[in-house]
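This is structure_20.cif. It holds mmCIF, C-alpha atoms.
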```
data_model
loop_
_atom_site.label_atom_id
_atom_site.label_comp_id
_atom_site.auth_asym_id
_atom_site.auth_seq_id
_atom_site.Cartn_x
_atom_site.Cartn_y
_atom_site.Cartn_z
CA MET A 239 12.71 -16.83 -29.73
CA ARG A 240 14.73 -15.33 -32.53
CA SER A 241 14.68 -11.63 -33.14
CA ASP A 242 15.78 -9.77 -36.25
CA VAL A 243 16.05 -6.55 -34.27
CA ASP A 244 19.43 -5.45 -32.93
CA THR A 245 18.20 -4.47 -29.48
CA THR A 246 21.67 -3.53 -28.21
CA SER A 247 21.73 -0.35 -30.33
CA LEU A 248 18.32 0.93 -29.16
CA ARG A 249 18.38 4.31 -27.46
CA VAL A 250 15.90 6.30 -25.41
CA GLY A 251 13.74 8.28 -27.83
CA ASP A 252 13.96 5.71 -30.64
CA GLU A 253 10.65 5.02 -32.33
CA ILE A 254 9.50 1.47 -32.86
CA PRO A 255 8.05 0.60 -36.28
CA PRO A 256 4.48 2.01 -36.29
CA LEU A 257 1.34 0.22 -37.41
CA SER A 258 -1.57 1.71 -39.31
CA THR A 259 -4.90 -0.06 -39.65
CA PRO A 260 -7.83 0.31 -42.04
CA PRO A 261 -10.93 2.32 -41.02
CA ILE A 262 -13.10 0.53 -38.45
CA SER A 263 -16.25 -0.79 -40.11
CA ARG A 264 -19.29 -2.44 -38.62
CA LEU A 265 -17.90 -5.69 -40.00
CA THR A 266 -14.67 -5.08 -38.06
CA LEU A 267 -16.73 -4.81 -34.87
CA ALA A 268 -18.84 -7.89 -35.67
CA LEU A 269 -15.73 -9.99 -36.37
CA TYR A 270 -14.00 -8.70 -33.26
CA ALA A 271 -17.07 -9.42 -31.11
CA GLY A 272 -17.17 -13.00 -32.35
CA ALA A 273 -13.45 -13.65 -32.24
CA SER A 274 -12.83 -11.99 -28.88
CA GLY A 275 -15.88 -13.45 -27.14
CA ASP A 276 -16.90 -9.96 -26.01
CA HIS A 277 -20.52 -9.96 -27.14
CA ASN A 278 -21.49 -6.78 -25.31
CA PRO A 279 -24.28 -5.49 -27.59
CA ILE A 280 -23.11 -1.89 -27.19
CA HIS A 281 -20.46 -2.66 -29.86
CA VAL A 282 -22.71 -4.28 -32.47
CA ASP A 283 -26.38 -3.47 -31.77
CA LEU A 284 -27.35 0.10 -32.70
CA ASP A 285 -30.69 -0.12 -30.87
CA PHE A 286 -28.97 -1.13 -27.64
CA ALA A 287 -26.31 1.59 -28.02
CA ARG A 288 -28.95 4.29 -28.59
CA TYR A 289 -31.03 3.05 -25.66
CA HIS A 290 -27.96 3.63 -23.50
CA GLY A 291 -27.43 7.17 -24.76
CA MET A 292 -24.78 6.59 -27.44
CA ASN A 293 -25.25 7.90 -30.99
CA ASP A 294 -23.83 4.77 -32.54
CA VAL A 295 -22.08 1.52 -31.73
CA PHE A 296 -18.38 1.95 -30.99
CA ALA A 297 -15.22 -0.13 -30.99
CA HIS A 298 -14.14 -2.42 -28.18
CA GLY A 299 -11.21 -0.82 -26.38
CA MET A 300 -9.45 -4.15 -26.66
CA LEU A 301 -9.56 -3.94 -30.48
CA ALA A 302 -7.20 -0.94 -30.34
CA SER A 303 -5.17 -2.84 -27.72
CA ALA A 304 -4.89 -5.80 -30.08
CA TYR A 305 -3.53 -3.43 -32.75
CA LEU A 306 -0.92 -2.22 -30.25
CA GLY A 307 -0.10 -5.85 -29.53
CA ARG A 308 0.39 -6.47 -33.26
CA MET A 309 2.80 -3.54 -33.44
CA LEU A 310 4.83 -4.95 -30.54
CA THR A 311 4.97 -8.53 -31.84
CA ASN A 312 5.83 -7.33 -35.36
CA TRP A 313 8.86 -5.71 -33.77
CA LEU A 314 10.02 -8.24 -31.17
CA PRO A 315 9.13 -11.88 -30.50
CA GLN A 316 6.33 -12.14 -27.97
CA ASP A 317 8.42 -13.62 -25.17
CA ALA A 318 10.30 -10.29 -25.02
CA LEU A 319 7.15 -8.78 -23.54
CA VAL A 320 7.31 -8.45 -19.74
CA SER A 321 4.26 -6.27 -19.23
CA PHE A 322 1.75 -4.36 -21.33
CA GLY A 323 -0.81 -1.85 -20.11
CA MET A 324 -3.29 0.53 -21.66
CA ARG A 325 -5.68 3.29 -20.68
CA PHE A 326 -8.67 4.03 -22.88
CA VAL A 327 -8.79 7.83 -23.07
CA ALA A 328 -11.53 8.19 -25.71
CA ILE A 329 -13.99 5.98 -27.54
CA SER A 330 -12.96 4.76 -31.01
CA HIS A 331 -15.83 5.22 -33.42
CA VAL A 332 -16.93 3.49 -36.61
CA HIS A 333 -14.85 4.89 -39.54
CA ASP A 334 -11.97 5.83 -37.24
CA GLU A 335 -8.63 4.93 -38.76
CA LEU A 336 -6.33 3.95 -35.91
CA SER A 337 -2.55 4.28 -35.96
CA CYS A 338 -0.25 2.81 -33.34
CA SER A 339 3.12 4.19 -32.39
CA GLY A 340 5.66 3.75 -29.64
CA ARG A 341 9.00 5.01 -28.43
CA ILE A 342 11.62 3.91 -25.98
CA ALA A 343 11.16 5.95 -22.81
CA GLU A 344 13.76 4.33 -20.61
CA ARG A 345 16.42 1.64 -20.58
CA PHE A 346 17.18 -0.16 -17.35
CA GLU A 347 18.40 -3.40 -15.82
CA GLU A 348 16.05 -5.65 -13.89
CA ASP A 349 16.21 -9.35 -12.95
CA GLY A 350 19.63 -9.54 -14.62
CA GLU A 351 18.31 -8.39 -17.99
CA HIS A 352 18.47 -5.27 -20.10
CA ARG A 353 14.96 -3.97 -20.40
CA ALA A 354 13.21 -1.00 -21.95
CA ARG A 355 10.06 0.81 -21.00
CA LEU A 356 7.99 1.87 -23.99
CA GLU A 357 5.44 4.63 -24.29
CA LEU A 358 2.67 3.61 -26.66
CA SER A 359 -0.23 5.41 -28.23
CA VAL A 360 -3.15 4.88 -30.54
CA VAL A 361 -4.59 7.90 -32.35
CA ASN A 362 -7.24 8.26 -35.06
CA GLN A 363 -6.88 9.96 -38.46
CA HIS A 364 -7.35 13.39 -36.83
CA GLY A 365 -4.58 12.73 -34.34
CA GLU A 366 -7.04 12.38 -31.46
CA PRO A 367 -5.62 10.10 -28.75
CA LYS A 368 -7.67 6.95 -28.12
CA VAL A 369 -5.36 4.73 -26.11
CA VAL A 370 -2.30 5.56 -24.04
CA GLY A 371 -0.19 2.54 -23.27
CA ASP A 372 3.08 1.35 -21.86
CA ALA A 373 5.07 -1.83 -22.02
CA VAL A 374 8.27 -3.29 -20.65
CA VAL A 375 10.33 -5.45 -23.01
CA ARG A 376 13.48 -7.45 -22.42
CA LEU A 377 16.31 -6.52 -24.76
CA GLY A 378 18.65 -9.35 -23.87
CA PRO A 379 20.99 -10.53 -21.11
CA MET B 121 -23.75 2.97 -5.79
CA ILE B 122 -21.92 -0.33 -5.90
CA ASP B 123 -21.59 -1.94 -2.49
CA THR B 124 -17.90 -1.80 -1.53
CA ASP B 125 -18.44 -5.00 0.49
CA PHE B 126 -17.82 -6.72 -2.86
CA ILE B 127 -14.12 -5.84 -2.60
CA GLY B 128 -12.51 -9.26 -2.20
CA PHE B 129 -15.34 -11.05 -4.05
CA ARG B 130 -13.95 -14.05 -5.90
CA LEU B 131 -15.42 -15.07 -9.26
CA PRO B 132 -15.90 -18.73 -10.17
CA VAL B 133 -12.59 -20.23 -11.32
CA HIS B 134 -12.70 -21.57 -14.88
CA THR B 135 -10.40 -23.44 -17.24
CA GLN B 136 -10.22 -22.94 -21.01
CA LEU B 137 -8.60 -25.02 -23.72
CA VAL B 138 -6.84 -22.72 -26.21
CA ASP B 139 -8.26 -23.57 -29.62
CA LYS B 140 -6.14 -23.13 -32.77
CA GLY B 141 -9.10 -22.23 -34.97
CA ARG B 142 -10.19 -19.59 -32.53
CA LEU B 143 -6.71 -18.03 -32.53
CA ARG B 144 -6.83 -17.87 -36.34
CA PHE B 145 -10.27 -16.23 -36.18
CA PHE B 146 -8.94 -13.67 -33.71
CA ALA B 147 -5.90 -13.07 -35.94
CA LYS B 148 -8.25 -12.41 -38.86
CA ALA B 149 -10.45 -10.09 -36.81
CA ILE B 150 -7.49 -7.90 -35.83
CA GLY B 151 -5.94 -7.87 -39.31
CA GLU B 152 -2.91 -9.89 -38.23
CA THR B 153 -0.37 -10.49 -41.01
CA ASN B 154 2.50 -12.01 -39.01
CA PRO B 155 2.61 -15.69 -40.10
CA VAL B 156 3.61 -16.80 -36.59
CA TYR B 157 0.01 -16.09 -35.51
CA LEU B 158 -1.66 -17.55 -38.60
CA ASP B 159 0.23 -20.66 -39.58
CA GLU B 160 1.29 -23.39 -37.17
CA ASP B 161 4.34 -24.38 -39.24
CA SER B 162 5.60 -20.78 -39.12
CA ALA B 163 4.95 -20.69 -35.37
CA LYS B 164 6.92 -23.90 -34.85
CA ALA B 165 9.73 -22.67 -37.11
CA ALA B 166 9.96 -19.59 -34.85
CA GLY B 167 10.31 -21.87 -31.81
CA TRP B 168 6.75 -21.98 -30.42
CA ARG B 169 4.94 -25.19 -29.42
CA SER B 170 1.99 -24.17 -31.60
CA LEU B 171 0.24 -20.89 -32.49
CA PRO B 172 1.05 -18.46 -29.65
CA VAL B 173 -1.76 -16.77 -27.72
CA PRO B 174 -1.28 -13.09 -28.69
CA PRO B 175 -0.67 -10.53 -25.91
CA THR B 176 -4.25 -9.33 -25.41
CA PHE B 177 -6.08 -12.61 -26.12
CA LEU B 178 -5.80 -13.77 -22.49
CA PHE B 179 -8.42 -11.12 -21.74
CA CYS B 180 -10.66 -12.75 -24.37
CA LEU B 181 -10.12 -16.29 -23.06
CA ASP B 182 -11.26 -15.09 -19.64
CA MET B 183 -14.54 -14.11 -21.34
CA GLU B 184 -15.13 -17.72 -22.39
CA ARG B 185 -16.70 -18.49 -19.01
CA ASP B 186 -20.44 -19.19 -18.97
CA ASN B 187 -21.36 -15.53 -18.51
CA PRO B 188 -18.47 -13.09 -18.99
CA TYR B 189 -20.57 -10.32 -17.42
CA ASP B 190 -21.42 -12.42 -14.35
CA TYR B 191 -19.71 -10.15 -11.84
CA MET B 192 -21.50 -7.12 -13.25
CA VAL B 193 -24.81 -8.89 -12.58
CA THR B 194 -23.66 -9.77 -9.05
CA LEU B 195 -22.55 -6.19 -8.34
CA GLY B 196 -25.75 -4.76 -9.87
CA ILE B 197 -24.00 -3.05 -12.78
CA GLU B 198 -25.97 -2.35 -15.96
CA LEU B 199 -23.91 -3.57 -18.93
CA GLY B 200 -24.97 -0.69 -21.18
CA LYS B 201 -23.31 1.79 -18.79
CA VAL B 202 -19.94 0.04 -18.73
CA LEU B 203 -16.80 1.33 -20.40
CA HIS B 204 -13.40 -0.34 -20.28
CA GLY B 205 -11.11 2.08 -18.47
CA GLU B 206 -7.76 0.36 -18.24
CA GLN B 207 -6.21 -3.02 -18.86
CA GLN B 208 -2.86 -4.39 -17.72
CA PHE B 209 -0.98 -7.60 -18.37
CA SER B 210 2.14 -8.96 -16.63
CA TYR B 211 3.53 -11.97 -18.44
CA HIS B 212 5.40 -14.97 -17.04
CA GLN B 213 5.33 -17.10 -20.20
CA VAL B 214 3.63 -17.23 -23.59
CA ALA B 215 0.70 -19.66 -23.79
CA CYS B 216 0.05 -21.58 -27.01
CA ALA B 217 -2.78 -23.40 -28.77
CA GLY B 218 -3.51 -26.67 -27.00
CA ASP B 219 -2.78 -25.26 -23.55
CA ARG B 220 -5.36 -25.51 -20.77
CA LEU B 221 -5.46 -22.22 -18.90
CA THR B 222 -7.16 -21.57 -15.57
CA PHE B 223 -8.47 -18.11 -14.67
CA ASP B 224 -8.94 -16.99 -11.07
CA SER B 225 -10.39 -13.48 -10.57
CA ARG B 226 -11.16 -11.25 -7.63
CA ILE B 227 -12.67 -7.80 -7.30
CA THR B 228 -9.85 -5.84 -5.67
CA ASP B 229 -11.20 -2.28 -5.55
CA ILE B 230 -14.36 -0.26 -6.01
CA TYR B 231 -14.27 3.56 -5.98
CA GLN B 232 -15.94 6.60 -7.46
CA LYS B 233 -14.98 9.94 -9.00
CA LYS B 234 -16.83 13.15 -9.87
CA GLU B 235 -19.22 12.82 -6.92
CA GLY B 236 -20.37 9.39 -8.00
CA ALA B 237 -20.90 10.28 -11.69
CA MET B 238 -18.36 7.59 -12.50
CA GLU B 239 -17.76 4.40 -10.57
CA PHE B 240 -14.72 2.16 -11.02
CA VAL B 241 -14.37 -1.56 -10.42
CA VAL B 242 -10.93 -3.18 -10.40
CA ARG B 243 -10.62 -6.90 -11.06
CA ASP B 244 -7.37 -8.90 -10.81
CA THR B 245 -7.03 -12.23 -12.59
CA ALA B 246 -4.27 -14.82 -12.24
CA VAL B 247 -3.81 -17.07 -15.27
CA VAL B 248 -2.00 -20.40 -14.93
CA ARG B 249 -1.27 -23.23 -17.35
CA GLU B 250 -2.30 -26.75 -16.34
CA THR B 251 0.82 -28.82 -16.97
CA GLY B 252 -0.14 -32.11 -15.34
CA GLU B 253 -2.01 -33.53 -12.41
CA GLN B 254 -2.15 -30.78 -9.77
CA LYS B 255 0.70 -29.00 -11.58
CA GLN B 256 0.43 -25.43 -12.77
CA GLU B 257 2.76 -22.78 -14.18
CA LYS B 258 2.12 -19.06 -14.03
CA VAL B 259 1.22 -17.51 -17.38
CA ALA B 260 0.13 -13.96 -16.60
CA ASP B 261 -1.57 -11.59 -14.19
CA LEU B 262 -4.28 -9.33 -15.54
CA ARG B 263 -5.87 -6.21 -14.13
CA SER B 264 -9.07 -4.76 -15.61
CA ILE B 265 -10.62 -1.49 -14.60
CA ILE B 266 -14.14 -0.83 -15.78
CA ILE B 267 -15.97 2.48 -15.55
CA ILE B 268 -19.69 2.70 -14.91
CA ARG B 269 -21.02 6.00 -16.26
CA HIS B 270 -24.03 7.58 -14.57
CA ARG B 271 -25.46 10.71 -16.16
#
```

Hey, can you dump this file as structure tokens for me?
Amino acid sequence: MRSDVDTTSLRVGDEIPPLSTPPISRLTLALYAGASGDHNPIHVDLDFARYHGMNDVFAHGMLASAYLGRMLTNWLPQDALVSFGMRFVAISHVHDELSCSGRIAERFEEDGEHRARLELSVVNQHGEPKVVGDAVVRLGP
Amino acid sequence: MIDTDFIGFRLPVHTQLVDKGRLRFFAKAIGETNPVYLDEDSAKAAGWRSLPVPPTFLFCLDMERDNPYDYMVTLGIELGKVLHGEQQFSYHQVACAGDRLTFDSRITDIYQKKEGAMEFVVRDTAVVRETGEQKQEKVADLRSIIIIRHR
């Protein structure tokens, strides 16, 4: 697929264009539950969440992951993505405003291609880390 | 404690047809603005067969089986105690709307930390695209790690 990004000039340490998202609302969680097929009531049903010891419903980890995915596919076409991983280090709460960022951690050659390993993160409006991620992208032959 | 005999347990294999409307709904739910994921003409102009399945949506398609929490029931895990710990994707190709994708999952590890206060279940899923009679192409390999919190 076409890319508007000149990947040959990318250097270790370069930031990829970040993505900010609006505050998470209960509607965000309801829409994500429906669209993702993850109907776990802990994300949408306050009674269920409280019964299980949480103060409130909270966001699906994969919602923050989807935001990271948006950041990556805004930057490069999706077939550049070789792998994508994420660790959920803290729960994202209702009203959290998540921001995604990423930087090039390494450039290397693999399977006859130039590739880069990216370090990714999602933080809330207070800078608290929510997701730590990594990805490998192909930069070209 | 979860019985570690479940390591190797294979979940029922299932096949899902990727629905265009559902991809648009997902795009809306995650605030997507990139036209490639919203408009089929834009997707085709960018070289895709139809709307592409975005990077994390394979995880969602795997939840389209009859009961996405089936293995938690089998392993005796209470859903309200489950947190998603980690998720990994390795991609072989990008799937698109209209594709039929088959999901084949196994439990590959079960372990605990903090003297059993947290248990971990690792599940690996191979995703293939049905391309014809008895023909399949690899799409991706997924790894999910869930945490069961006891306190």

Which residues are close to Ser321 (chain A), i.e. within 6 Å by only C-alpha atoms, leaving aside same-chain residues fewer than 5 positions away? Reply as a tab-separated table (two decimals) with C-alpha atoms, keeping the file's coordinate frame.
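Saved the output as part-v2.tsv:
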```tsv
chain	number	residue	atom	x	y	z
A	373	ALA	CA	5.07	-1.83	-22.02
A	374	VAL	CA	8.27	-3.29	-20.65
B	209	PHE	CA	-0.98	-7.60	-18.37
B	210	SER	CA	2.14	-8.96	-16.63
B	211	TYR	CA	3.53	-11.97	-18.44
```

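Nearest-residue note for Ile127 (chain B): choosing from B:Ser162, B:Asn154, B:Thr251, B:Ser225, the minimum distance belongs to B:Ser225, counting all atoms listed in the file.
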
Interatomic distance (Å, one decimal) between CA of Ile266 (chain B) and CA of Asp190 (chain B):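 For CA of Ile266 (chain B) relative to CA of Asp190 (chain B), the distance reads 13.8 Å.
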
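For the set B:Pro174, B:Gly236, B:Gly252, B:Pro132, the residue with the smallest atom-to-atom gap to Leu319 (chain A) is B:Pro174, counting all atoms listed in the file.
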
9 Å contact set for Gly275 (chain A), all atoms listed in the file, chain neighbours under 6 positions out, as a list in words: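 Surrounding residues, per the criterion: Cys180, Leu181, Asp182, Met183, Glu184 and Pro188 of chain B.
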
Those residues with C-alpha atoms, as a compact mmCIF listing (two decimals), keeping the file's coordinate frame please?
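What ended up in result04.txt:
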```
# COMPACT_ATOMS: atom_id res chain seq x y z
CA CYS B 180 -10.66 -12.75 -24.37
CA LEU B 181 -10.12 -16.29 -23.06
CA ASP B 182 -11.26 -15.09 -19.64
CA MET B 183 -14.54 -14.11 -21.34
CA GLU B 184 -15.13 -17.72 -22.39
CA PRO B 188 -18.47 -13.09 -18.99
```

Target residues per the PyMOL selection byres ((chain B) within 9 of (chain A)), formatted as a PyMOL selection string: chain B and resi 142-154+166-168+172+174-177+179-184+188-189+199-201+203-214+263

Matched chain/residue IDs from the PyMOL selection byres ((chain A and resi 340) around 9), as a list in words: Asp252, Glu253, Ile254, Pro255, Pro256, Leu306, Met309, Leu310, Cys338, Ser339, Arg341, Ile342, Leu356, Glu357, Leu358, Ser359, Val360, Gly371 and Asp372 of chain A

Where's the centre, and what are the edge lengths in Å to one decimal, of a box along x, y and z enclosing all listed atoms of region 250-264 of chain B padded 6 Å per side, as AutoDock Vina command-line options?
```
--center_x -3.2 --center_y -19.1 --center_z -13.6 --size_x 23.8 --size_y 40.8 --size_z 19.6
```

Atom-to-atom span, CA of Ala246 (chain B) and CA of Leu195 (chain B), Å: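 Spanning CA of Ala246 (chain B) to CA of Leu195 (chain B) is a straight-line distance of 20.6 Å.
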
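Going from CA of Glu239 (chain B) over to CA of Asp125 (chain B), you cover 14.5 Å.
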
Residues returned when the PyMOL selection byres ((chain B and resi 137) around 9) runs on this file, as a PyMOL selection string: chain B and resi 135-136+138-139+181+217-222

Contacts of Phe240 (chain B) within 8 Å, all atoms listed in the file, excl. fewer than 2 positions in-chain, as a PyMOL selection string: chain B and resi 229-232+238+242+265-268

Go ahead and save the picked residues with C-alpha atoms, as a compact mmCIF listing (two decimals), in the frame of the given file.
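What landed in result_8.txt:
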```
# COMPACT_ATOMS: atom_id res chain seq x y z
CA ASP B 229 -11.20 -2.28 -5.55
CA ILE B 230 -14.36 -0.26 -6.01
CA TYR B 231 -14.27 3.56 -5.98
CA GLN B 232 -15.94 6.60 -7.46
CA MET B 238 -18.36 7.59 -12.50
CA VAL B 242 -10.93 -3.18 -10.40
CA ILE B 265 -10.62 -1.49 -14.60
CA ILE B 266 -14.14 -0.83 -15.78
CA ILE B 267 -15.97 2.48 -15.55
CA ILE B 268 -19.69 2.70 -14.91
```

Within 9 Å of Thr246 (chain A) using only C-alpha atoms, minus same-chain residues under 3 positions, as a CSV table (one decimal) with C-alpha atoms, in the coordinates of the input:
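selection-v2.csv, freshly written:
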```
chain,number,residue,atom,x,y,z
A,243,VAL,CA,16.0,-6.6,-34.3
A,249,ARG,CA,18.4,4.3,-27.5
A,352,HIS,CA,18.5,-5.3,-20.1
A,377,LEU,CA,16.3,-6.5,-24.8
A,378,GLY,CA,18.6,-9.4,-23.9
```

Minimum-distance residue to Asp294 (chain A), chosen among A:Ser263, A:Gly251, A:Leu257, A:Val332 (using all atoms listed in the file): A:Val332

Can you fill out region 207-231 of chain B with N, CA and C atoms and hand it back as a PDB file, in the frame of the given file?
```
ATOM      1  N   GLN B 207      -6.515  -1.597 -18.856  1.00  0.00           N
ATOM      2  CA  GLN B 207      -6.210  -3.020 -18.860  1.00  0.00           C
ATOM      3  C   GLN B 207      -4.701  -3.194 -18.738  1.00  0.00           C
ATOM      4  N   GLN B 208      -4.293  -4.120 -17.882  1.00  0.00           N
ATOM      5  CA  GLN B 208      -2.860  -4.390 -17.720  1.00  0.00           C
ATOM      6  C   GLN B 208      -2.588  -5.885 -17.762  1.00  0.00           C
ATOM      7  N   PHE B 209      -1.424  -6.208 -18.308  1.00  0.00           N
ATOM      8  CA  PHE B 209      -0.980  -7.600 -18.370  1.00  0.00           C
ATOM      9  C   PHE B 209       0.460  -7.661 -17.852  1.00  0.00           C
ATOM     10  N   SER B 210       0.745  -8.623 -16.961  1.00  0.00           N
ATOM     11  CA  SER B 210       2.140  -8.960 -16.630  1.00  0.00           C
ATOM     12  C   SER B 210       2.333 -10.400 -17.049  1.00  0.00           C
ATOM     13  N   TYR B 211       3.376 -10.639 -17.846  1.00  0.00           N
ATOM     14  CA  TYR B 211       3.530 -11.970 -18.440  1.00  0.00           C
ATOM     15  C   TYR B 211       4.635 -12.768 -17.760  1.00  0.00           C
ATOM     16  N   HIS B 212       4.377 -14.048 -17.553  1.00  0.00           N
ATOM     17  CA  HIS B 212       5.400 -14.970 -17.040  1.00  0.00           C
ATOM     18  C   HIS B 212       5.874 -15.916 -18.135  1.00  0.00           C
ATOM     19  N   GLN B 213       4.971 -16.274 -19.042  1.00  0.00           N
ATOM     20  CA  GLN B 213       5.330 -17.100 -20.200  1.00  0.00           C
ATOM     21  C   GLN B 213       4.250 -16.919 -21.264  1.00  0.00           C
ATOM     22  N   VAL B 214       4.585 -17.335 -22.487  1.00  0.00           N
ATOM     23  CA  VAL B 214       3.630 -17.230 -23.590  1.00  0.00           C
ATOM     24  C   VAL B 214       2.854 -18.551 -23.671  1.00  0.00           C
ATOM     25  N   ALA B 215       1.529 -18.460 -23.624  1.00  0.00           N
ATOM     26  CA  ALA B 215       0.700 -19.660 -23.790  1.00  0.00           C
ATOM     27  C   ALA B 215       0.529 -19.943 -25.284  1.00  0.00           C
ATOM     28  N   CYS B 216       0.208 -21.185 -25.616  1.00  0.00           N
ATOM     29  CA  CYS B 216       0.050 -21.580 -27.010  1.00  0.00           C
ATOM     30  C   CYS B 216      -1.225 -22.395 -27.192  1.00  0.00           C
ATOM     31  N   ALA B 217      -1.629 -22.545 -28.457  1.00  0.00           N
ATOM     32  CA  ALA B 217      -2.780 -23.400 -28.770  1.00  0.00           C
ATOM     33  C   ALA B 217      -2.557 -24.778 -28.163  1.00  0.00           C
ATOM     34  N   GLY B 218      -3.615 -25.361 -27.638  1.00  0.00           N
ATOM     35  CA  GLY B 218      -3.510 -26.670 -27.000  1.00  0.00           C
ATOM     36  C   GLY B 218      -3.347 -26.587 -25.497  1.00  0.00           C
ATOM     37  N   ASP B 219      -2.947 -25.419 -25.002  1.00  0.00           N
ATOM     38  CA  ASP B 219      -2.780 -25.260 -23.550  1.00  0.00           C
ATOM     39  C   ASP B 219      -4.140 -25.209 -22.865  1.00  0.00           C
ATOM     40  N   ARG B 220      -4.169 -25.690 -21.613  1.00  0.00           N
ATOM     41  CA  ARG B 220      -5.360 -25.510 -20.770  1.00  0.00           C
ATOM     42  C   ARG B 220      -5.009 -24.449 -19.730  1.00  0.00           C
ATOM     43  N   LEU B 221      -5.760 -23.362 -19.758  1.00  0.00           N
ATOM     44  CA  LEU B 221      -5.460 -22.220 -18.900  1.00  0.00           C
ATOM     45  C   LEU B 221      -6.585 -22.018 -17.886  1.00  0.00           C
ATOM     46  N   THR B 222      -6.191 -21.791 -16.635  1.00  0.00           N
ATOM     47  CA  THR B 222      -7.160 -21.570 -15.570  1.00  0.00           C
ATOM     48  C   THR B 222      -7.116 -20.108 -15.137  1.00  0.00           C
ATOM     49  N   PHE B 223      -8.303 -19.530 -14.992  1.00  0.00           N
ATOM     50  CA  PHE B 223      -8.470 -18.110 -14.670  1.00  0.00           C
ATOM     51  C   PHE B 223      -9.099 -17.972 -13.289  1.00  0.00           C
ATOM     52  N   ASP B 224      -8.466 -17.184 -12.433  1.00  0.00           N
ATOM     53  CA  ASP B 224      -8.940 -16.990 -11.070  1.00  0.00           C
ATOM     54  C   ASP B 224      -8.983 -15.473 -10.797  1.00  0.00           C
ATOM     55  N   SER B 225     -10.205 -14.937 -10.658  1.00  0.00           N
ATOM     56  CA  SER B 225     -10.390 -13.480 -10.570  1.00  0.00           C
ATOM     57  C   SER B 225     -10.986 -13.059  -9.236  1.00  0.00           C
ATOM     58  N   ARG B 226     -10.558 -11.883  -8.809  1.00  0.00           N
ATOM     59  CA  ARG B 226     -11.160 -11.250  -7.630  1.00  0.00           C
ATOM     60  C   ARG B 226     -11.415  -9.778  -7.920  1.00  0.00           C
ATOM     61  N   ILE B 227     -12.460  -9.245  -7.300  1.00  0.00           N
ATOM     62  CA  ILE B 227     -12.670  -7.800  -7.300  1.00  0.00           C
ATOM     63  C   ILE B 227     -11.732  -7.235  -6.240  1.00  0.00           C
ATOM     64  N   THR B 228     -10.849  -6.321  -6.634  1.00  0.00           N
ATOM     65  CA  THR B 228      -9.850  -5.840  -5.670  1.00  0.00           C
ATOM     66  C   THR B 228     -10.056  -4.376  -5.270  1.00  0.00           C
ATOM     67  N   ASP B 229     -10.893  -3.649  -5.996  1.00  0.00           N
ATOM     68  CA  ASP B 229     -11.200  -2.280  -5.550  1.00  0.00           C
ATOM     69  C   ASP B 229     -12.488  -1.795  -6.216  1.00  0.00           C
ATOM     70  N   ILE B 230     -13.161  -0.921  -5.500  1.00  0.00           N
ATOM     71  CA  ILE B 230     -14.360  -0.260  -6.010  1.00  0.00           C
ATOM     72  C   ILE B 230     -14.291   1.183  -5.511  1.00  0.00           C
ATOM     73  N   TYR B 231     -14.337   2.154  -6.416  1.00  0.00           N
ATOM     74  CA  TYR B 231     -14.270   3.560  -5.980  1.00  0.00           C
ATOM     75  C   TYR B 231     -15.026   4.437  -6.963  1.00  0.00           C
TER      76      TYR B 231
END
```
